[in-house]
Structure formats: C-alpha cells, structure tokens
file start10.cif (mmCIF, C-alpha atoms)
data_input
#
loop_
_atom_site.group_PDB
_atom_site.id
_atom_site.type_symbol
_atom_site.label_atom_id
_atom_site.label_comp_id
_atom_site.auth_asym_id
_atom_site.auth_seq_id
_atom_site.Cartn_x
_atom_site.Cartn_y
_atom_site.Cartn_z
ATOM 1 C CA MET H 1 122.433 95.850 179.479
ATOM 2 C CA GLU H 2 124.244 97.130 176.347
ATOM 3 C CA LEU H 3 124.395 93.604 174.887
ATOM 4 C CA GLN H 4 120.683 93.158 175.521
ATOM 5 C CA THR H 5 119.968 96.449 173.751
ATOM 6 C CA LEU H 6 122.050 95.387 170.732
ATOM 7 C CA ASN H 7 120.277 92.030 170.534
ATOM 8 C CA SER H 8 116.907 93.733 170.760
ATOM 9 C CA ARG H 9 117.870 96.126 167.997
ATOM 10 C CA SER H 10 119.129 93.258 165.833
ATOM 11 C CA VAL H 11 115.819 91.422 166.242
ATOM 12 C CA SER H 12 113.845 94.538 165.349
ATOM 13 C CA VAL H 13 116.011 95.108 162.266
ATOM 14 C CA SER H 14 115.528 91.494 161.191
ATOM 15 C CA ARG H 15 111.785 91.828 161.633
ATOM 16 C CA LEU H 16 111.811 95.065 159.639
ATOM 17 C CA THR H 17 113.636 93.330 156.786
ATOM 18 C CA ILE H 18 111.264 90.370 156.774
ATOM 19 C CA PHE H 19 108.205 92.611 156.957
ATOM 20 C CA THR H 20 109.466 94.809 154.094
ATOM 21 C CA TYR H 21 110.096 91.900 151.730
ATOM 22 C CA LEU H 22 106.794 90.246 152.689
ATOM 23 C CA ALA H 23 105.018 93.514 151.889
ATOM 24 C CA MET H 24 106.771 93.567 148.507
ATOM 25 C CA VAL H 25 105.698 89.976 147.785
ATOM 26 C CA ALA H 26 102.122 90.806 148.789
ATOM 27 C CA LEU H 27 102.157 93.777 146.410
ATOM 28 C CA PHE H 28 102.967 91.515 143.465
ATOM 29 C CA VAL H 29 100.633 88.625 144.300
ATOM 30 C CA PRO H 30 98.030 89.916 141.779
ATOM 31 C CA THR H 31 100.800 90.254 139.177
ATOM 32 C CA PHE H 32 101.911 86.654 139.575
ATOM 33 C CA TYR H 33 98.298 85.530 139.429
ATOM 34 C CA LYS H 34 97.981 87.274 136.047
ATOM 35 C CA LEU H 35 101.262 85.760 134.870
ATOM 36 C CA PHE H 36 100.216 82.238 135.787
ATOM 37 C CA THR H 37 96.728 82.772 134.359
ATOM 38 C CA TYR H 38 97.539 84.203 130.929
ATOM 39 C CA GLY H 39 100.899 86.010 130.874
ATOM 40 C CA TRP H 40 102.880 82.790 130.431
ATOM 41 C CA LYS H 41 100.476 81.229 127.950
ATOM 42 C CA TYR H 42 102.771 82.200 125.092
ATOM 43 C CA ALA H 43 104.576 79.037 123.997
ATOM 44 C CA ASP H 44 107.839 80.968 123.808
ATOM 45 C CA TYR H 45 107.482 82.133 127.432
ATOM 46 C CA SER H 46 106.039 79.000 129.032
ATOM 47 C CA HIS H 47 109.339 78.678 130.922
ATOM 48 C CA GLY H 48 108.340 81.672 133.078
ATOM 49 C CA PRO H 49 107.508 79.675 136.247
ATOM 50 C CA LEU H 50 110.964 78.057 136.166
ATOM 51 C CA ILE H 51 112.625 81.455 136.541
ATOM 52 C CA LEU H 52 111.321 81.899 140.083
ATOM 53 C CA PRO H 53 113.115 78.927 141.733
ATOM 54 C CA VAL H 54 116.339 79.882 139.924
ATOM 55 C CA PHE H 55 115.957 83.449 141.209
ATOM 56 C CA ALA H 56 115.374 82.107 144.729
ATOM 57 C CA TRP H 57 118.543 79.993 144.445
ATOM 58 C CA LEU H 58 120.569 82.985 143.240
ATOM 59 C CA ILE H 59 119.340 85.017 146.209
ATOM 60 C CA TRP H 60 120.139 82.133 148.560
ATOM 61 C CA ARG H 61 123.738 82.175 147.309
ATOM 62 C CA LYS H 62 123.917 85.849 148.338
ATOM 63 C CA ARG H 63 121.960 85.445 151.577
ATOM 64 C CA GLU H 64 124.787 86.944 153.644
ATOM 65 C CA VAL H 65 124.056 90.277 151.959
ATOM 66 C CA LEU H 66 120.554 90.233 153.430
ATOM 67 C CA ARG H 67 121.883 89.516 156.926
ATOM 68 C CA ARG H 68 123.828 92.726 157.178
ATOM 69 C CA PRO H 69 122.729 95.506 159.506
ATOM 70 C CA VAL H 70 120.309 97.936 157.940
ATOM 71 C CA ASP H 71 122.092 100.898 156.379
ATOM 72 C CA GLU H 72 120.548 103.933 158.042
ATOM 73 C CA ARG H 73 121.958 106.364 155.474
ATOM 74 C CA PHE H 74 119.594 107.724 152.850
ATOM 75 C CA ASN H 75 120.274 106.004 149.515
ATOM 76 C CA LEU H 76 119.026 108.280 146.743
ATOM 77 C CA PRO H 77 119.584 105.858 143.784
ATOM 78 C CA ALA H 78 117.687 103.115 145.615
ATOM 79 C CA PHE H 79 114.880 105.529 146.462
ATOM 80 C CA VAL H 80 114.603 106.629 142.810
ATOM 81 C CA LEU H 81 114.627 102.993 141.672
ATOM 82 C CA HIS H 82 111.853 102.163 144.109
ATOM 83 C CA LEU H 83 109.708 105.105 142.974
ATOM 84 C CA PHE H 84 110.320 104.149 139.340
ATOM 85 C CA GLY H 85 109.243 100.563 140.044
ATOM 86 C CA LEU H 86 106.105 101.633 141.869
ATOM 87 C CA SER H 87 105.266 104.001 138.987
ATOM 88 C CA CYS H 88 105.660 101.150 136.475
ATOM 89 C CA TYR H 89 103.491 98.929 138.640
ATOM 90 C CA THR H 90 100.771 101.582 138.960
ATOM 91 C CA ILE H 91 100.723 102.433 135.254
ATOM 92 C CA GLY H 92 100.794 98.756 134.290
ATOM 93 C CA SER H 93 97.906 97.945 136.626
ATOM 94 C CA ILE H 94 95.775 100.877 135.463
ATOM 95 C CA PHE H 95 96.347 100.352 131.734
ATOM 96 C CA TYR H 96 96.410 96.528 131.888
ATOM 97 C CA SER H 97 99.996 96.341 130.661
ATOM 98 C CA MET H 98 101.291 92.953 131.757
ATOM 99 C CA VAL H 99 104.761 93.852 130.499
ATOM 100 C CA MET H 100 105.128 97.006 132.578
ATOM 101 C CA GLU H 101 103.450 95.566 135.661
ATOM 102 C CA SER H 102 105.658 92.470 135.786
ATOM 103 C CA PHE H 103 108.800 94.437 134.861
ATOM 104 C CA ALA H 104 108.180 96.608 137.934
ATOM 105 C CA ILE H 105 109.307 93.673 140.107
ATOM 106 C CA ILE H 106 112.942 94.362 139.170
ATOM 107 C CA PRO H 107 113.287 98.051 140.171
ATOM 108 C CA VAL H 108 111.079 97.578 143.241
ATOM 109 C CA PHE H 109 113.225 94.679 144.483
ATOM 110 C CA LEU H 110 116.455 96.574 143.801
ATOM 111 C CA GLY H 111 115.066 99.726 145.395
ATOM 112 C CA VAL H 112 113.988 97.938 148.554
ATOM 113 C CA THR H 113 117.310 96.090 148.820
ATOM 114 C CA GLY H 114 119.400 99.203 148.244
ATOM 115 C CA PHE H 115 117.303 101.238 150.659
ATOM 116 C CA LEU H 116 117.667 98.633 153.412
ATOM 117 C CA PHE H 117 121.245 97.457 152.947
ATOM 118 C CA GLY H 118 122.999 100.121 150.891
ATOM 119 C CA ARG H 119 124.756 100.334 147.550
ATOM 120 C CA VAL H 120 127.057 97.366 148.115
ATOM 121 C CA ALA H 121 124.104 95.020 148.569
ATOM 122 C CA LEU H 122 122.360 96.572 145.580
ATOM 123 C CA ARG H 123 125.370 95.887 143.340
ATOM 124 C CA GLN H 124 125.736 92.305 144.559
ATOM 125 C CA LEU H 125 122.091 91.513 143.803
ATOM 126 C CA LEU H 126 121.975 93.208 140.405
ATOM 127 C CA PHE H 127 122.200 89.984 138.406
ATOM 128 C CA PRO H 128 119.581 88.014 140.406
ATOM 129 C CA ALA H 129 117.238 90.985 140.006
ATOM 130 C CA PHE H 130 117.785 91.432 136.270
ATOM 131 C CA PHE H 131 117.470 87.671 135.770
ATOM 132 C CA LEU H 132 113.779 88.246 136.487
ATOM 133 C CA ILE H 133 113.525 89.867 133.036
ATOM 134 C CA PHE H 134 113.078 86.331 131.696
ATOM 135 C CA LEU H 135 109.730 85.989 133.460
ATOM 136 C CA VAL H 136 108.362 89.163 131.831
ATOM 137 C CA PRO H 137 106.257 88.228 128.778
ATOM 138 C CA PRO H 138 107.012 90.666 125.951
ATOM 139 C CA PRO H 139 104.215 92.398 124.019
ATOM 140 C CA GLY H 140 102.730 90.391 121.182
ATOM 141 C CA PHE H 141 103.958 92.748 118.450
ATOM 142 C CA SER H 142 107.584 92.308 119.528
ATOM 143 C CA ILE H 143 107.213 88.518 119.395
ATOM 144 C CA ASP H 144 105.875 88.826 115.839
ATOM 145 C CA MET H 145 108.758 91.130 114.867
ATOM 146 C CA ILE H 146 111.302 88.546 116.040
ATOM 147 C CA THR H 147 109.461 85.340 115.125
ATOM 148 C CA GLN H 148 108.759 86.070 111.463
ATOM 149 C CA PRO H 149 112.372 86.847 110.460
ATOM 150 C CA LEU H 150 113.542 83.787 112.411
ATOM 151 C CA GLN H 151 111.009 81.603 110.597
ATOM 152 C CA MET H 152 112.190 82.862 107.214
ATOM 153 C CA MET H 153 115.874 82.500 108.123
ATOM 154 C CA VAL H 154 115.531 78.969 109.463
ATOM 155 C CA THR H 155 113.398 77.863 106.506
ATOM 156 C CA ALA H 156 115.697 79.392 103.876
ATOM 157 C CA ALA H 157 118.873 77.998 105.461
ATOM 158 C CA SER H 158 117.377 74.515 105.825
ATOM 159 C CA ALA H 159 116.169 74.497 102.210
ATOM 160 C CA PHE H 160 119.617 75.600 101.000
ATOM 161 C CA VAL H 161 121.434 72.851 102.927
ATOM 162 C CA LEU H 162 118.996 70.144 101.810
ATOM 163 C CA LYS H 163 119.106 71.289 98.188
ATOM 164 C CA SER H 164 122.911 71.365 98.283
ATOM 165 C CA SER H 165 122.824 67.796 99.614
ATOM 166 C CA GLY H 166 120.882 66.584 96.588
ATOM 167 C CA TYR H 167 117.313 66.571 97.911
ATOM 168 C CA LEU H 168 114.517 67.720 95.620
ATOM 169 C CA ILE H 169 113.122 70.542 97.706
ATOM 170 C CA SER H 170 111.381 73.836 97.090
ATOM 171 C CA ARG H 171 110.448 76.659 99.417
ATOM 172 C CA ASP H 172 107.416 78.913 99.477
ATOM 173 C CA GLY H 173 107.879 81.391 102.323
ATOM 174 C CA VAL H 174 107.902 79.295 105.480
ATOM 175 C CA ILE H 175 106.660 76.179 103.679
ATOM 176 C CA LEU H 176 109.012 73.434 102.529
ATOM 177 C CA HIS H 177 108.034 70.964 99.793
ATOM 178 C CA ILE H 178 110.246 67.898 99.911
ATOM 179 C CA GLY H 179 109.269 64.856 97.861
ATOM 180 C CA ASP H 180 105.560 64.219 98.353
ATOM 181 C CA TYR H 181 105.496 65.987 101.700
ATOM 182 C CA THR H 182 104.890 69.538 102.849
ATOM 183 C CA ILE H 183 106.412 70.937 106.033
ATOM 184 C CA VAL H 184 105.074 74.165 107.477
ATOM 185 C CA VAL H 185 107.540 75.964 109.738
ATOM 186 C CA GLY H 186 105.203 77.392 112.362
ATOM 187 C CA GLU H 187 105.891 80.093 114.930
ATOM 188 C CA ALA H 188 106.755 77.456 117.544
ATOM 189 C CA CYS H 189 109.481 76.174 115.186
ATOM 190 C CA SER H 190 111.058 79.601 114.667
ATOM 191 C CA GLY H 191 113.596 79.045 117.431
ATOM 192 C CA LEU H 192 112.508 81.912 119.663
ATOM 193 C CA ARG H 193 111.668 79.555 122.520
ATOM 194 C CA SER H 194 115.070 77.882 122.419
ATOM 195 C CA LEU H 195 116.755 81.280 122.041
ATOM 196 C CA VAL H 196 115.083 82.717 125.150
ATOM 197 C CA SER H 197 115.637 79.526 127.149
ATOM 198 C CA LEU H 198 119.304 79.412 126.147
ATOM 199 C CA MET H 199 119.709 83.076 127.057
ATOM 200 C CA ALA H 200 118.290 82.374 130.512
ATOM 201 C CA VAL H 201 120.452 79.305 131.158
ATOM 202 C CA GLY H 202 123.486 80.841 129.469
ATOM 203 C CA SER H 203 123.286 84.024 131.524
ATOM 204 C CA VAL H 204 123.328 81.995 134.753
ATOM 205 C CA TYR H 205 126.237 79.924 133.441
ATOM 206 C CA ALA H 206 128.215 83.053 132.529
ATOM 207 C CA TYR H 207 127.380 84.692 135.861
ATOM 208 C CA LEU H 208 128.667 81.730 137.871
ATOM 209 C CA GLN H 209 131.990 81.658 136.007
ATOM 210 C CA ASP H 210 134.920 83.554 137.480
ATOM 211 C CA ILE H 211 135.635 85.389 134.231
ATOM 212 C CA SER H 212 135.852 88.933 132.914
ATOM 213 C CA ASN H 213 132.784 90.900 131.863
ATOM 214 C CA LEU H 214 134.072 90.887 128.267
ATOM 215 C CA ARG H 215 134.125 87.094 128.209
ATOM 216 C CA ARG H 216 130.661 86.994 129.756
ATOM 217 C CA GLY H 217 129.411 89.303 127.030
ATOM 218 C CA LEU H 218 130.964 87.157 124.299
ATOM 219 C CA LEU H 219 129.371 84.055 125.781
ATOM 220 C CA LEU H 220 125.948 85.685 125.800
ATOM 221 C CA LEU H 221 126.369 86.915 122.222
ATOM 222 C CA SER H 222 127.373 83.420 121.087
ATOM 223 C CA ILE H 223 124.004 82.097 122.277
ATOM 224 C CA ILE H 224 122.208 83.779 119.357
ATOM 225 C CA PRO H 225 124.022 81.947 116.513
ATOM 226 C CA ILE H 226 124.106 78.717 118.544
ATOM 227 C CA ALA H 227 120.320 78.755 118.996
ATOM 228 C CA ILE H 228 119.687 79.601 115.343
ATOM 229 C CA VAL H 229 122.036 76.897 114.019
ATOM 230 C CA ALA H 230 120.553 74.329 116.415
ATOM 231 C CA ASN H 231 117.064 75.092 115.145
ATOM 232 C CA ILE H 232 118.215 74.835 111.513
ATOM 233 C CA ILE H 233 119.725 71.420 112.263
ATOM 234 C CA ARG H 234 116.455 70.365 113.886
ATOM 235 C CA LEU H 235 114.422 71.397 110.839
ATOM 236 C CA ILE H 236 116.829 69.658 108.456
ATOM 237 C CA ALA H 237 116.614 66.445 110.487
ATOM 238 C CA LEU H 238 112.822 66.728 110.606
ATOM 239 C CA ALA H 239 112.641 67.171 106.820
ATOM 240 C CA MET H 240 114.944 64.198 106.186
ATOM 241 C CA ILE H 241 113.012 61.899 108.519
ATOM 242 C CA THR H 242 109.733 62.982 106.917
ATOM 243 C CA TYR H 243 111.167 62.383 103.443
ATOM 244 C CA HIS H 244 112.545 58.905 104.222
ATOM 245 C CA PHE H 245 110.045 57.556 106.774
ATOM 246 C CA GLY H 246 106.849 59.496 106.203
ATOM 247 C CA ASP H 247 104.912 62.306 107.774
ATOM 248 C CA ALA H 248 103.891 60.288 110.843
ATOM 249 C CA ALA H 249 107.528 59.660 111.771
ATOM 250 C CA GLY H 250 108.496 63.300 111.351
ATOM 251 C CA GLN H 251 105.573 64.750 113.263
ATOM 252 C CA GLY H 252 105.519 62.130 116.005
ATOM 253 C CA PHE H 253 108.025 61.344 118.711
ATOM 254 C CA PHE H 254 110.965 62.947 116.918
ATOM 255 C CA HIS H 255 109.225 66.297 116.572
ATOM 256 C CA GLU H 256 108.726 66.536 120.337
ATOM 257 C CA PHE H 257 111.944 64.899 121.496
ATOM 258 C CA SER H 258 114.331 66.618 119.089
ATOM 259 C CA GLY H 259 113.802 70.013 120.710
ATOM 260 C CA LEU H 260 115.094 68.758 124.069
ATOM 261 C CA VAL H 261 118.051 66.939 122.488
ATOM 262 C CA LEU H 262 119.152 69.974 120.494
ATOM 263 C CA PHE H 263 118.741 72.214 123.540
ATOM 264 C CA VAL H 264 121.181 70.015 125.447
ATOM 265 C CA ILE H 265 123.553 70.025 122.453
ATOM 266 C CA ALA H 266 123.302 73.825 122.273
ATOM 267 C CA LEU H 267 124.250 74.060 125.948
ATOM 268 C CA GLY H 268 127.232 71.846 125.194
ATOM 269 C CA CYS H 269 128.205 74.195 122.367
ATOM 270 C CA LEU H 270 128.060 77.109 124.805
ATOM 271 C CA VAL H 271 130.499 75.294 127.105
ATOM 272 C CA VAL H 272 132.772 74.606 124.103
ATOM 273 C CA VAL H 273 132.750 78.324 123.233
ATOM 274 C CA ASP H 274 133.666 79.121 126.832
ATOM 275 C CA VAL H 275 136.588 76.658 126.722
ATOM 276 C CA MET H 276 137.778 78.108 123.399
ATOM 277 C CA LEU H 277 137.688 81.648 124.807
ATOM 278 C CA ALA H 278 139.633 80.491 127.860
ATOM 279 C CA ARG H 279 142.302 78.788 125.712
ATOM 280 C CA ARG H 280 142.638 81.801 123.464
ATOM 281 C CA ARG H 281 143.168 84.013 126.477
ATOM 282 C CA SER H 282 145.808 81.653 127.924
ATOM 283 C CA VAL H 283 147.648 81.532 124.594
ATOM 284 C CA SER H 284 147.622 85.291 124.196
#
call {"tool": "encode", "arguments": {"input": "start10.cif", "output": "structure tokens"}}
result
Amino acid sequence: MELQTLNSRSVSVSRLTIFTYLAMVALFVPTFYKLFTYGWKYADYSHGPLILPVFAWLIWRKREVLRRPVDERFNLPAFVLHLFGLSCYTIGSIFYSMVMESFAIIPVFLGVTGFLFGRVALRQLLFPAFFLIFLVPPPGFSIDMITQPLQMMVTAASAFVLKSSGYLISRDGVILHIGDYTIVVGEACSGLRSLVSLMAVGSVYAYLQDISNLRRGLLLLSIIPIAIVANIIRLIALAMITYHFGDAAGQGFFHEFSGLVLFVIALGCLVVVDVMLARRRSVS
C-alpha cells in the first residue's frame, strides 16, 4: 500500500512538472511568434532560431535535474526571480518592448525551475537559461552604437594594412577607394554578426570544457579581438580580389562564402587560445 502511494505521488509530481513547464511555454507562444515575425529580422540576429535547439540540447544534458522530486520548501530567490520575469513580460507586452518581453523568458524559466526543484537545480541550469540571451534582439539604438564604431575600426585597419602593403588606397569614412573601385563597408560588414555568433558558440564551447571560471572568462574575452581581426582579414581579402579581378569577383561568390570560411577559422583560433591557456597553466 505504501509503495502504491509513493508511485501515485511520483506520477502526480511528474504531471505537475510537465503541466508547469507547458504553461510556461504557452505563456511565451505570442513572444516567439513576434520573434519569428519581426524580432529576428535584424541581419545581426538572424541566428536567433538556432539558439532554441542548442538550448534544448543543453537542457537534455541536465535532464536528471528535472527528474528529481519536487522540493516542497519555499524558495524565496526563485519566487522573486519568477515575479521579476512576469513583471518584465507584462511591461514588455503592454509597451511593445520586444527586448523586455523576450528577456523575461530567462527569469521565468529560472524561477519556475528553482521553485519546483530547489536551489541546486537552479544553479545547474543557470548557463542554459542565460544562453537564451542570444535569442533576445537588442534595441536598434544599441546596434547602431556598436555597429558604427566597428565599421570605422574595420575600415581604418584594413586601409592601413593595404596601404602598408603598397596598394594605392584611400579612405573616406567607411568607404574604401582602391584603384578604380569603391568598396562601401556596410553595417552587415561591420563584424557584429560574426561577433555575436562567435560569442554564442564560444560560450557553449567554454561551458562544456572542464576548466576554471577564470579560463572560461579569458576564452570569452578573446572572442572579441578574434572576431574583429577575422572581419578585417575578410575586408582586406575582398579589397584585394576586387582590385585584381574586378568588382564582380569581389561582390560575387567570395563575398558570401568568405564569411563562413572566416567564421570557421575564428572558431579554430578560439580553440588555439584555449590550448595556449592550458599549456601556460601546465608550465606554471
């Protein structure tokens, strides 16, 4: 009789967990509709839909956490997190703030998890939850604040390298004049897209490594210069191909394909940095 009671309670707890998470998903269905409709239309955040399967995989790796018995103790931090998330969701929905409404997914998920399974589960699912920050499209003004300096930096650095290499080149803001050709470094060429994508992939890579938090932080910081240098190399190569083979060659297949190639190279550079940090630690 006691075993039957325990099994019945286990089934009811499992149903409670499933029902709670389904209710949370239902709450954010309108949010994801908005994200798919226009929130991820920014070129720099078109990777948004790819974040969801990665998040699901990260949760799957920690699925044992969600199979624990429900913690019946009152968890104040989780309760506060949940209220904060619901407040963000409400304010974002009322004032049409896509940023705040989609950000609310993180504290609501953490609040629900902590409330059901306790602080240990909350800590173990912190990274999968905060990984969702990469699906939140930032406000337009913040994109402009980051994009414009990146455009100027990439353009100036590329012009300096090409000029030092003997090419006749001049720069006017984000416009390069090389030979008879003019190359405009647009917002899509600023490097923000590759920077955000590398941050997303790099954060997962660092999370999966059995390393110290300091080394994880150094890896994540290294992504910024790696992404910027990779984009400078891309622009230099684009300018050289345009100069030697014409505008059609530079703006054609190479323009589209080079971004993917340099992204893979940048990931390789991240692994090299990780190996160098590991060797330095072993030597010291």
call {"tool": "closest_residue", "arguments": {"input": "start10.cif", "among": "H:Phe263, H:Phe130, H:Tyr167, H:Tyr89", "to": "H:Arg193", "atoms": "only C-alpha atoms"}}
result
H:Phe263
call {"tool": "atom_distance", "arguments": {"input": "start10.cif", "atom1": "atom CA of H:His82", "atom2": "atom CA of H:Gly114"}}
result
9.1 Å
call {"tool": "closest_residue", "arguments": {"input": "start10.cif", "among": "H:Ser197, H:Asn231, H:Gln209, H:Thr242", "to": "H:Ala278", "atoms": "all atoms listed in the file"}}
result
H:Gln209
call {"tool": "residues_around", "arguments": {"input": "start10.cif", "residues": "stretch 233-238 of chain H", "least_positions_apart": "6", "cutoff": "12 Å", "atoms": "only C-alpha atoms", "output": "number ranges by chain"}}
result
H: 151, 153-165, 167, 169, 174-176, 178, 181-186, 188-191, 194, 226-227, 244-263, 265-266
call {"tool": "resolve_selection", "arguments": {"input": "start10.cif", "expression": "the PyMOL selection byres ((chain H and resi 65) around 12)", "output": "list in words"}}
result
Thr17, Leu58, Ile59, Trp60, Arg61, Lys62, Arg63, Glu64, Leu66, Arg67, Arg68, Pro69, Val70, Asp71, Thr113, Gly114, Leu116, Phe117, Gly118, Arg119, Val120, Ala121, Leu122, Arg123, Gln124 and Leu125 of chain H
call {"tool": "closest_residue", "arguments": {"input": "start10.cif", "among": "H:Val201, H:Leu86, H:Leu132, H:Met100", "to": "H:Ala56", "atoms": "all atoms listed in the file"}}
result
H:Leu132
call {"tool": "atom_distance", "arguments": {"input": "start10.cif", "atom1": "atom CA of H:Lys34", "atom2": "atom CA of H:Leu195"}}
result
24.2 Å
call {"tool": "atom_distance", "arguments": {"input": "start10.cif", "atom1": "atom CA of H:Gly92", "atom2": "atom CA of H:Leu52"}}
result
20.7 Å
call {"tool": "resolve_selection", "arguments": {"input": "start10.cif", "expression": "the PyMOL selection byres ((chain H and resi 106) around 12)", "output": "JSON, numbers by chain"}}
result
{"H": [24, 28, 55, 78, 81, 82, 83, 84, 85, 86, 88, 89, 99, 100, 101, 102, 103, 104, 105, 107, 108, 109, 110, 111, 112, 113, 122, 125, 126, 127, 128, 129, 130, 131, 132, 133, 134, 135, 136]}
call {"tool": "resolve_selection", "arguments": {"input": "start10.cif", "expression": "the PyMOL selection byres ((chain H and resi 36) around 12)", "output": "list in words"}}
result
Val29, Pro30, Thr31, Phe32, Tyr33, Lys34, Leu35, Thr37, Tyr38, Gly39, Trp40, Lys41, Tyr42, Tyr45, Ser46, His47, Gly48, Pro49, Leu50, Leu52, Met98, Ser102, Leu135, Val136 and Pro137 of chain H
call {"tool": "closest_residue", "arguments": {"input": "start10.cif", "among": "H:Pro139, H:Asp274, H:Tyr21, H:Ile51", "to": "H:Asp210", "atoms": "all atoms listed in the file"}}
result
H:Asp274
call {"tool": "closest_residue", "arguments": {"input": "start10.cif", "among": "H:Pro77, H:Gly268, H:Pro53, H:Gly173", "to": "H:Gly202", "atoms": "only C-alpha atoms"}}
result
H:Gly268
call {"tool": "axis_aligned_box", "arguments": {"input": "start10.cif", "around": "stretch 61-71 of chain H", "padding_each_side": "8 Å", "output": "AutoDock Vina command-line options"}}
result
--center_x 122.5 --center_y 91.5 --center_z 153.4 --size_x 20.5 --size_y 34.7 --size_z 28.2
call {"tool": "closest_residue", "arguments": {"input": "start10.cif", "among": "H:Gly217, H:Ile223, H:Phe115, H:Gly179", "to": "H:Ile241", "atoms": "all atoms listed in the file"}}
result
H:Gly179
call {"tool": "build_atoms", "arguments": {"input": "start10.cif", "residues": "stretch 193-209 of chain H", "atoms": "N, CA and C atoms", "output": "PDB file, keeping the file's coordinate frame"}}
result
ATOM      1  N   ARG H 193     111.737  80.207 121.204  1.00  0.00           N
ATOM      2  CA  ARG H 193     111.668  79.555 122.520  1.00  0.00           C
ATOM      3  C   ARG H 193     113.039  79.068 122.957  1.00  0.00           C
ATOM      4  N   SER H 194     113.739  78.379 122.055  1.00  0.00           N
ATOM      5  CA  SER H 194     115.070  77.882 122.419  1.00  0.00           C
ATOM      6  C   SER H 194     116.043  79.028 122.635  1.00  0.00           C
ATOM      7  N   LEU H 195     115.878  80.126 121.879  1.00  0.00           N
ATOM      8  CA  LEU H 195     116.755  81.280 122.041  1.00  0.00           C
ATOM      9  C   LEU H 195     116.589  81.899 123.422  1.00  0.00           C
ATOM     10  N   VAL H 196     115.338  82.105 123.843  1.00  0.00           N
ATOM     11  CA  VAL H 196     115.083  82.717 125.150  1.00  0.00           C
ATOM     12  C   VAL H 196     115.535  81.781 126.273  1.00  0.00           C
ATOM     13  N   SER H 197     115.239  80.489 126.121  1.00  0.00           N
ATOM     14  CA  SER H 197     115.637  79.526 127.149  1.00  0.00           C
ATOM     15  C   SER H 197     117.151  79.442 127.272  1.00  0.00           C
ATOM     16  N   LEU H 198     117.836  79.446 126.121  1.00  0.00           N
ATOM     17  CA  LEU H 198     119.304  79.412 126.147  1.00  0.00           C
ATOM     18  C   LEU H 198     119.879  80.681 126.752  1.00  0.00           C
ATOM     19  N   MET H 199     119.252  81.822 126.469  1.00  0.00           N
ATOM     20  CA  MET H 199     119.709  83.076 127.057  1.00  0.00           C
ATOM     21  C   MET H 199     119.590  83.030 128.577  1.00  0.00           C
ATOM     22  N   ALA H 200     118.493  82.462 129.068  1.00  0.00           N
ATOM     23  CA  ALA H 200     118.290  82.374 130.512  1.00  0.00           C
ATOM     24  C   ALA H 200     119.341  81.464 131.160  1.00  0.00           C
ATOM     25  N   VAL H 201     119.484  80.257 130.594  1.00  0.00           N
ATOM     26  CA  VAL H 201     120.452  79.305 131.158  1.00  0.00           C
ATOM     27  C   VAL H 201     121.882  79.809 130.955  1.00  0.00           C
ATOM     28  N   GLY H 202     122.144  80.356 129.767  1.00  0.00           N
ATOM     29  CA  GLY H 202     123.486  80.841 129.469  1.00  0.00           C
ATOM     30  C   GLY H 202     123.899  82.014 130.341  1.00  0.00           C
ATOM     31  N   SER H 203     122.956  82.881 130.668  1.00  0.00           N
ATOM     32  CA  SER H 203     123.286  84.024 131.524  1.00  0.00           C
ATOM     33  C   SER H 203     123.667  83.560 132.929  1.00  0.00           C
ATOM     34  N   VAL H 204     122.971  82.547 133.444  1.00  0.00           N
ATOM     35  CA  VAL H 204     123.328  81.995 134.753  1.00  0.00           C
ATOM     36  C   VAL H 204     124.704  81.326 134.690  1.00  0.00           C
ATOM     37  N   TYR H 205     124.934  80.587 133.612  1.00  0.00           N
ATOM     38  CA  TYR H 205     126.237  79.924 133.441  1.00  0.00           C
ATOM     39  C   TYR H 205     127.370  80.951 133.413  1.00  0.00           C
ATOM     40  N   ALA H 206     127.179  82.018 132.627  1.00  0.00           N
ATOM     41  CA  ALA H 206     128.215  83.053 132.529  1.00  0.00           C
ATOM     42  C   ALA H 206     128.399  83.775 133.857  1.00  0.00           C
ATOM     43  N   TYR H 207     127.314  83.989 134.574  1.00  0.00           N
ATOM     44  CA  TYR H 207     127.380  84.692 135.861  1.00  0.00           C
ATOM     45  C   TYR H 207     128.164  83.891 136.897  1.00  0.00           C
ATOM     46  N   LEU H 208     128.019  82.574 136.870  1.00  0.00           N
ATOM     47  CA  LEU H 208     128.667  81.730 137.871  1.00  0.00           C
ATOM     48  C   LEU H 208     130.145  81.519 137.583  1.00  0.00           C
ATOM     49  N   GLN H 209     130.578  81.825 136.344  1.00  0.00           N
ATOM     50  CA  GLN H 209     131.990  81.658 136.007  1.00  0.00           C
ATOM     51  C   GLN H 209     132.816  82.829 136.550  1.00  0.00           C
TER      52      GLN H 209
END
